[in-house]
Amino acid sequence: MWFLPEEAKDLPPPSLLNINSAWLAFSAGLASMFHNAINHKPPLKSGVHRLVLMTTIGWYVGYHVTKREHYHYAKVERDMKEYIKLHPDDFVAKDKRTFAEIVEPFIPIR
């Protein structure tokens with residue numbers, strides 16, 4: 001695909017049931033029904049083939065948007081890990097403190 005680099009093919013494929021696919025399929029189906037309503041046709045009865053086509057196209061586009069999103073976040077995470085590996089003195093582990101050491105002692109007033 002032209003919008004997905006070759007290194008993105010190493011990532012696992014996203015689930016077919018994802019929020020981007022569902023949202024874009026719903027939006028495309030609604031757009032098809034809205035087009036029917038503007039043209040004074042019954043929104044659900046006329047153009048069912050167009051409704052199914054638009055919903056399918058929306059689902060397909062949403063799936064590939066999710067693939068692109070996963071690639072983007074994997075690339076950002078890879079770059080952050082590489083930066084941390086190159087600059088370990090900037091990311092020194094802090095000493096662990098308990099919650100009681102952080103908060104002042106509670107003394108109720110009568």
# chains A, B, ... in the order shown; residues from 1 in each chain; ligands from 1
>>> residues_around(residues="Arg50 (chain A)", least_positions_apart="6", cutoff="10 Å", atoms="only C-alpha atoms", output="PyMOL selection string")
chain A and resi 29+32-33+36+56
>>> select_by_dssp(residues="chain A", states="helix (DSSP H, G or I)", output="PyMOL selection string")
chain A and resi 6-10+19-38+48-86+88-90+99-102
>>> atom_distance(atom1="CA of Asp79 (chain A)", atom2="CA of Pro5 (chain A)")
16.1 Å
>>> atom_distance(atom1="CA of Lys67 (chain A)", atom2="CA of Trp2 (chain A)")
12.7 Å
>>> closest_residue(among="A:Ala28, A:Ile107, A:Val65, A:Ile38", to="Leu51 (chain A)", atoms="only C-alpha atoms")
A:Ala28
>>> atom_distance(atom1="CA of Thr55 (chain A)", atom2="CA of Asn18 (chain A)")
14.3 Å
>>> closest_residue(among="A:Phe99, A:Phe26, A:Tyr83, A:Phe34", to="Val61 (chain A)", atoms="only C-alpha atoms")
A:Phe26
>>> residues_around(residues="Leu24 (chain A)", least_positions_apart="2", cutoff="7 Å", atoms="only C-alpha atoms", output="PyMOL selection string")
chain A and resi 20-22+26-28+58-59+62
>>> write_last_selection(atoms="C-alpha atoms", output="CSV table (one decimal), in the first residue's frame")
chain,number,residue,atom,x,y,z
A,20,ASN,CA,-12.0,3.0,13.6
A,21,SER,CA,-13.7,0.5,11.3
A,22,ALA,CA,-17.0,0.6,13.2
A,26,PHE,CA,-21.4,3.8,10.6
A,27,SER,CA,-20.5,7.3,9.2
A,28,ALA,CA,-20.5,6.1,5.6
A,58,GLY,CA,-16.1,2.6,5.5
A,59,TRP,CA,-15.1,-0.6,7.2
A,62,GLY,CA,-11.2,2.1,9.0
>>> decode(residues="region 91-104 of chain A", atoms="all heavy atoms", output="PDB file, in the first residue's frame")
ATOM      1  N   PHE A  91      17.683   9.138  32.339  1.00  0.00           N
ATOM      2  CA  PHE A  91      16.568   8.326  32.829  1.00  0.00           C
ATOM      3  C   PHE A  91      17.014   7.420  33.962  1.00  0.00           C
ATOM      4  O   PHE A  91      16.882   6.201  33.907  1.00  0.00           O
ATOM      5  CB  PHE A  91      15.977   7.495  31.686  1.00  0.00           C
ATOM      6  CG  PHE A  91      15.504   8.336  30.546  1.00  0.00           C
ATOM      7  CD1 PHE A  91      16.322   8.579  29.454  1.00  0.00           C
ATOM      8  CD2 PHE A  91      14.263   8.917  30.579  1.00  0.00           C
ATOM      9  CE1 PHE A  91      15.895   9.365  28.406  1.00  0.00           C
ATOM     10  CE2 PHE A  91      13.826   9.707  29.530  1.00  0.00           C
ATOM     11  CZ  PHE A  91      14.640   9.933  28.449  1.00  0.00           C
ATOM     12  N   VAL A  92      17.517   8.032  35.028  1.00  0.00           N
ATOM     13  CA  VAL A  92      17.972   7.271  36.189  1.00  0.00           C
ATOM     14  C   VAL A  92      16.745   6.852  36.995  1.00  0.00           C
ATOM     15  O   VAL A  92      15.818   7.638  37.210  1.00  0.00           O
ATOM     16  CB  VAL A  92      18.914   8.144  37.059  1.00  0.00           C
ATOM     17  CG1 VAL A  92      19.362   7.389  38.277  1.00  0.00           C
ATOM     18  CG2 VAL A  92      20.099   8.600  36.237  1.00  0.00           C
ATOM     19  N   ALA A  93      16.753   5.611  37.469  1.00  0.00           N
ATOM     20  CA  ALA A  93      15.626   5.113  38.250  1.00  0.00           C
ATOM     21  C   ALA A  93      15.612   5.800  39.612  1.00  0.00           C
ATOM     22  O   ALA A  93      16.637   5.893  40.286  1.00  0.00           O
ATOM     23  CB  ALA A  93      15.738   3.605  38.416  1.00  0.00           C
ATOM     24  N   LYS A  94      14.449   6.288  40.000  1.00  0.00           N
ATOM     25  CA  LYS A  94      14.316   6.964  41.282  1.00  0.00           C
ATOM     26  C   LYS A  94      14.116   5.941  42.390  1.00  0.00           C
ATOM     27  O   LYS A  94      13.642   4.831  42.147  1.00  0.00           O
ATOM     28  CB  LYS A  94      13.130   7.934  41.247  1.00  0.00           C
ATOM     29  CG  LYS A  94      13.319   9.056  40.270  1.00  0.00           C
ATOM     30  CD  LYS A  94      12.151   9.997  40.322  1.00  0.00           C
ATOM     31  CE  LYS A  94      12.347  11.136  39.331  1.00  0.00           C
ATOM     32  NZ  LYS A  94      11.224  12.065  39.341  1.00  0.00           N
ATOM     33  N   ASP A  95      14.476   6.352  43.623  1.00  0.00           N
ATOM     34  CA  ASP A  95      14.281   5.452  44.750  1.00  0.00           C
ATOM     35  C   ASP A  95      12.789   5.339  45.052  1.00  0.00           C
ATOM     36  O   ASP A  95      12.035   6.296  44.938  1.00  0.00           O
ATOM     37  CB  ASP A  95      15.038   5.955  45.978  1.00  0.00           C
ATOM     38  CG  ASP A  95      14.617   7.363  46.377  1.00  0.00           C
ATOM     39  OD1 ASP A  95      14.187   8.120  45.486  1.00  0.00           O
ATOM     40  OD2 ASP A  95      14.721   7.695  47.571  1.00  0.00           O
ATOM     41  N   LYS A  96      12.386   4.155  45.420  1.00  0.00           N
ATOM     42  CA  LYS A  96      10.977   3.892  45.685  1.00  0.00           C
ATOM     43  C   LYS A  96      10.636   4.351  47.092  1.00  0.00           C
ATOM     44  O   LYS A  96      11.319   4.021  48.048  1.00  0.00           O
ATOM     45  CB  LYS A  96      10.689   2.400  45.551  1.00  0.00           C
ATOM     46  CG  LYS A  96      11.021   1.856  44.194  1.00  0.00           C
ATOM     47  CD  LYS A  96       9.812   1.351  43.535  1.00  0.00           C
ATOM     48  CE  LYS A  96      10.209   0.838  42.163  1.00  0.00           C
ATOM     49  NZ  LYS A  96       9.104   0.519  41.370  1.00  0.00           N
ATOM     50  N   ARG A  97       9.566   5.144  47.202  1.00  0.00           N
ATOM     51  CA  ARG A  97       9.104   5.592  48.503  1.00  0.00           C
ATOM     52  C   ARG A  97       7.693   5.067  48.731  1.00  0.00           C
ATOM     53  O   ARG A  97       6.928   4.885  47.785  1.00  0.00           O
ATOM     54  CB  ARG A  97       9.100   7.116  48.579  1.00  0.00           C
ATOM     55  CG  ARG A  97      10.467   7.719  48.417  1.00  0.00           C
ATOM     56  CD  ARG A  97      10.497   9.184  48.704  1.00  0.00           C
ATOM     57  NE  ARG A  97       9.486   9.942  47.942  1.00  0.00           N
ATOM     58  CZ  ARG A  97       9.270  11.242  48.093  1.00  0.00           C
ATOM     59  NH1 ARG A  97       9.962  11.936  48.961  1.00  0.00           N
ATOM     60  NH2 ARG A  97       8.351  11.857  47.377  1.00  0.00           N
ATOM     61  N   THR A  98       7.370   4.855  49.965  1.00  0.00           N
ATOM     62  CA  THR A  98       6.021   4.413  50.281  1.00  0.00           C
ATOM     63  C   THR A  98       5.099   5.620  50.350  1.00  0.00           C
ATOM     64  O   THR A  98       5.549   6.769  50.437  1.00  0.00           O
ATOM     65  CB  THR A  98       5.986   3.659  51.618  1.00  0.00           C
ATOM     66  OG1 THR A  98       6.391   4.552  52.654  1.00  0.00           O
ATOM     67  CG2 THR A  98       6.902   2.443  51.581  1.00  0.00           C
ATOM     68  N   PHE A  99       3.829   5.361  50.360  1.00  0.00           N
ATOM     69  CA  PHE A  99       2.852   6.442  50.412  1.00  0.00           C
ATOM     70  C   PHE A  99       2.939   7.189  51.743  1.00  0.00           C
ATOM     71  O   PHE A  99       2.740   8.394  51.803  1.00  0.00           O
ATOM     72  CB  PHE A  99       1.443   5.861  50.214  1.00  0.00           C
ATOM     73  CG  PHE A  99       0.392   6.900  50.031  1.00  0.00           C
ATOM     74  CD1 PHE A  99       0.353   7.668  48.882  1.00  0.00           C
ATOM     75  CD2 PHE A  99      -0.570   7.133  51.003  1.00  0.00           C
ATOM     76  CE1 PHE A  99      -0.616   8.625  48.691  1.00  0.00           C
ATOM     77  CE2 PHE A  99      -1.537   8.094  50.830  1.00  0.00           C
ATOM     78  CZ  PHE A  99      -1.567   8.843  49.671  1.00  0.00           C
ATOM     79  N   ALA A 100       3.263   6.469  52.802  1.00  0.00           N
ATOM     80  CA  ALA A 100       3.374   7.095  54.126  1.00  0.00           C
ATOM     81  C   ALA A 100       4.547   8.077  54.177  1.00  0.00           C
ATOM     82  O   ALA A 100       4.511   9.056  54.923  1.00  0.00           O
ATOM     83  CB  ALA A 100       3.535   6.035  55.200  1.00  0.00           C
ATOM     84  N   GLU A 101       5.581   7.835  53.420  1.00  0.00           N
ATOM     85  CA  GLU A 101       6.719   8.757  53.393  1.00  0.00           C
ATOM     86  C   GLU A 101       6.398  10.034  52.608  1.00  0.00           C
ATOM     87  O   GLU A 101       6.998  11.071  52.852  1.00  0.00           O
ATOM     88  CB  GLU A 101       7.934   8.074  52.767  1.00  0.00           C
ATOM     89  CG  GLU A 101       8.494   6.934  53.601  1.00  0.00           C
ATOM     90  CD  GLU A 101       9.566   6.166  52.848  1.00  0.00           C
ATOM     91  OE1 GLU A 101       9.719   6.393  51.626  1.00  0.00           O
ATOM     92  OE2 GLU A 101      10.242   5.348  53.476  1.00  0.00           O
ATOM     93  N   ILE A 102       5.482   9.954  51.689  1.00  0.00           N
ATOM     94  CA  ILE A 102       5.137  11.100  50.854  1.00  0.00           C
ATOM     95  C   ILE A 102       4.171  12.033  51.564  1.00  0.00           C
ATOM     96  O   ILE A 102       4.314  13.241  51.557  1.00  0.00           O
ATOM     97  CB  ILE A 102       4.549  10.633  49.501  1.00  0.00           C
ATOM     98  CG1 ILE A 102       5.602   9.822  48.741  1.00  0.00           C
ATOM     99  CG2 ILE A 102       4.072  11.799  48.677  1.00  0.00           C
ATOM    100  CD1 ILE A 102       5.063   9.130  47.524  1.00  0.00           C
ATOM    101  N   VAL A 103       3.154  11.458  52.217  1.00  0.00           N
ATOM    102  CA  VAL A 103       2.081  12.233  52.834  1.00  0.00           C
ATOM    103  C   VAL A 103       2.448  12.613  54.271  1.00  0.00           C
ATOM    104  O   VAL A 103       3.091  11.836  54.986  1.00  0.00           O
ATOM    105  CB  VAL A 103       0.768  11.421  52.825  1.00  0.00           C
ATOM    106  CG1 VAL A 103      -0.399  12.260  53.270  1.00  0.00           C
ATOM    107  CG2 VAL A 103       0.496  10.876  51.449  1.00  0.00           C
ATOM    108  N   GLU A 104       2.017  13.778  54.695  1.00  0.00           N
ATOM    109  CA  GLU A 104       2.252  14.196  56.085  1.00  0.00           C
ATOM    110  C   GLU A 104       1.394  13.327  57.000  1.00  0.00           C
ATOM    111  O   GLU A 104       0.304  12.891  56.642  1.00  0.00           O
ATOM    112  CB  GLU A 104       1.881  15.657  56.252  1.00  0.00           C
ATOM    113  CG  GLU A 104       2.729  16.602  55.459  1.00  0.00           C
ATOM    114  CD  GLU A 104       2.279  18.036  55.622  1.00  0.00           C
ATOM    115  OE1 GLU A 104       1.335  18.286  56.412  1.00  0.00           O
ATOM    116  OE2 GLU A 104       2.856  18.901  54.955  1.00  0.00           O
TER     117      GLU A 104
END
